[in-house]
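J.: Sharing a structure here in structure tokens format.
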Amino acid sequence: MEAHLLEWLNLSVRWVHMITGVAWIGASFYFVWLENNLNRVNPKSGLAGDLWAIHGGGIYHLEKYKLAPPTMPDNLHWFKWEAYFTWLSGIALLCVVFYSNPTLYLLAPGSSLTGPEGVALGIASLFVGWFIYSFLCDSALGKRPALLGFILFVLIIGAAYGFSKVFSGRGAYLHVGAIIGTIMVGNVFRIIMPAQRALVAAIAENRTPDPALPAKGLLRSRHNNYFTLPVLFIMISNHFPSTYGSQYNWLILAGIAVLAVLVRHYFNTRHDSHKFAWTLPVAAVGMICLAYVTGPAQMPSAPEVAKAPGTIEYQPLPETAIGGGAKPAAAKPAEAPVQASNAGPSFDKVHSVIQERCSVCHSAKPTSPLFSAAPAGVMFDTPEQIRQNAARIQAQAVTSQIMPLGNITQMTQQERDLIGAWIVQGAPTN
């Protein structure tokens with residue numbers, strides 16, 4: 001029941017996070033598009049420009065003031081709660097997924113950190129990231145946006161590299177995303193909203209508004225706009241182990257972030273010209289290159305594996321070692337090690353390993369208390385189910401080795417090699 005309730009809590013928080021995130025990012029995209037497409041030719045007195053648009057069967061006329069109208073309207077719509085609830089639901093999701101069981105989901109197997117240390121590092125990184133970003137923006141670098149952007153990129157990828165040394169691939173990626181998300185909501189809470197409040201207050205008091213504050217708010221809003229696509233990738237990255245599961249996951253993240261920013265820059269500037277249209281084919285080619293370089297290494301043929309010296313040791317775990325947040329107990333060696341044969345690994349040997357190391361979770365009736373149902377609906381109860389999922393097993397248990405989660409069932413490298421050799425020979429089940 002606890003695993004079932006946790007799954008529904010995860011679903012609810014994740015759904016709220018997605019809904020509010022879509023609202024926030026959608027508003028960001030829209031207002032940048034609106035700003036870029038204003039008609040600034042001979043605007044009316046006091047206006048920066050206007051725009052006519054049609055949507056949903058109606059025609060709209062929008063006007064932007066250089067600073068503010070002479071008097072404030074009775075109803076003024078503010079855009080802030082989308083940002084606040086996206087961040088709050090994101091923090092809640094970190095707690096539900098990573099911080100409630102850090103040794104399983106957050107920390108990398110063999111990490112030098114304890115669970116509480118990993119949680120403390122994750123939380124501290126959010127606030128440290130915001131203060132470093134804000135300090136750099138308020139420094140002389142704030143007037144050199146290209147250099148500022150490069151330095152911020154280097155620092156964020158440096159954080160990704162550091163996280164990858166102690167966190168799981170998913171944990172490292174999601175904490176980079178959380179740092180960026182904290183920077184974005186910090187911009188809204190600390191810069192954009194105060195600037196807008198000051199503007200409204202000046203109008204209400206019949207004072208001339210200070211143009212510096214709205215300009216600063218607009219700059220931070222544009223920063224948020226460029227952050228959105230990398231954050232969106234990180235939000236969906238946990239579905240793609242070839243990215244976060246790679247030993248070079250931080251470099252993959254850097255490459256995708258660069259491509260995403262290039263694409264965003266084209267859409268931010270195409271109103272003026274299409275001189276950055278080259279970024280679209282470059283991004284497409286870049287994704288193809290990333291797919292190529294992250295491909296699984298060519299595994300040796302089955303006979304070559306079989307001729308390797310030594311034995312493949314199968315070490316079953318006691319049932320009490322599986323589940324919960326504690327580290328599993330030391331595995332006991334089997335009475336008779338499994339010997340590699342000249343014919344290649346038999347399915348019986350592979351089946352035994354999968355049943356002991358994987359089926360505790362991936363089963364119609366998981367024995368691990370962590371899950372009430374098989375994760376992602378993937379089950380290894382029958383030989384046919386195992387054969388059908390051979391490619392997935394190779395990607396996640398052999399190549400990237402992100403499974404089992406936190407290696408809680410202590411799958412050995414020899415067992416991974418055994419499964420890999422079986423898949424190379426065609427994944428036979430007879």
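For the structure tokens, the naming scheme is as follows: chains receive sequential letters (A, B, ...) according to their order of presentation, residues are indexed from 1 within each chain, and ligands are indexed from 1 in presentation order.
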I'd like the contact shell of Gly158 (chain A) - 10 Å cut-off, only C-alpha atoms, skipping same-chain residues fewer than 3 positions apart - returned as a PyMOL selection string.
T.: chain A and resi 152-155+161-164+176+250-251+254
J.: Could you pull the residues within 12 Å of Thr269 (chain A), counting only C-alpha atoms, minus those fewer than 4 positions along the same chain, as a PyMOL selection string?
T.: chain A and resi 32-33+35-37+222+262-265+273-277+279
J.: Which residue gives the smallest distance to Ala201 (chain A) among A:Ala172, A:Met72, A:Val293, A:Ile59, with only C-alpha atoms counted?
T.: A:Met72
J.: Could I get the residues of region 41-90 of chain A with an atom no further than 9 Å from an atom of region 206-215 of chain A, each paired with its nearest atom pair and that distance in Å to one decimal, using only C-alpha atoms, sorted by chain and residue number, as a tab-separated table?
T.:
residue	atom	partner	partner_atom	distance
A:Leu67	CA	A:Pro211	CA	7.0
A:Ala68	CA	A:Pro209	CA	8.0
A:Pro70	CA	A:Asn206	CA	8.4
A:Thr71	CA	A:Asn206	CA	8.4
J.: With C-alpha atoms retained, write the just-selected residues as a compact mmCIF listing (two decimals), in the first residue's frame.
T.:
# COMPACT_ATOMS: atom_id res chain seq x y z
CA LEU A 67 6.64 52.95 -19.69
CA ALA A 68 3.04 53.11 -18.46
CA PRO A 70 -1.34 57.95 -17.66
CA THR A 71 -3.67 56.13 -15.25
J.: Would you please extract all helix (DSSP H, G or I) residues from region 205-279 of chain A, as assigned by DSSP on the backbone, and give them as a PyMOL selection string?
T.: chain A and resi 212-239+241-244+249-269+279
J.: Which residues are near Ser112 (chain A)? Cut-off 9 Å, only C-alpha atoms, ignore same chain within fewer than 3 positions. Put them as a list in words.
T.: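 These residues fall inside the cut-off: Leu107, Ala108 and Val166 of chain A.
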J.: Write the residues of the selection above to a file with C-alpha atoms, as a PDB file, in the first residue's frame.
T.:
ATOM      1  CA  LEU A 107      23.209   8.741  -5.228  1.00  0.00           C
ATOM      2  CA  ALA A 108      25.346   6.874  -7.717  1.00  0.00           C
ATOM      3  CA  VAL A 166      28.327  11.594  -6.818  1.00  0.00           C
TER       4      VAL A 166
END
J.: List every residue of region 52-128 of chain A that DSSP, applied to the backbone of this structure, places in strand (DSSP E or B), and write the result as number ranges by chain.
T.: A: 52-55, 58-65, 107
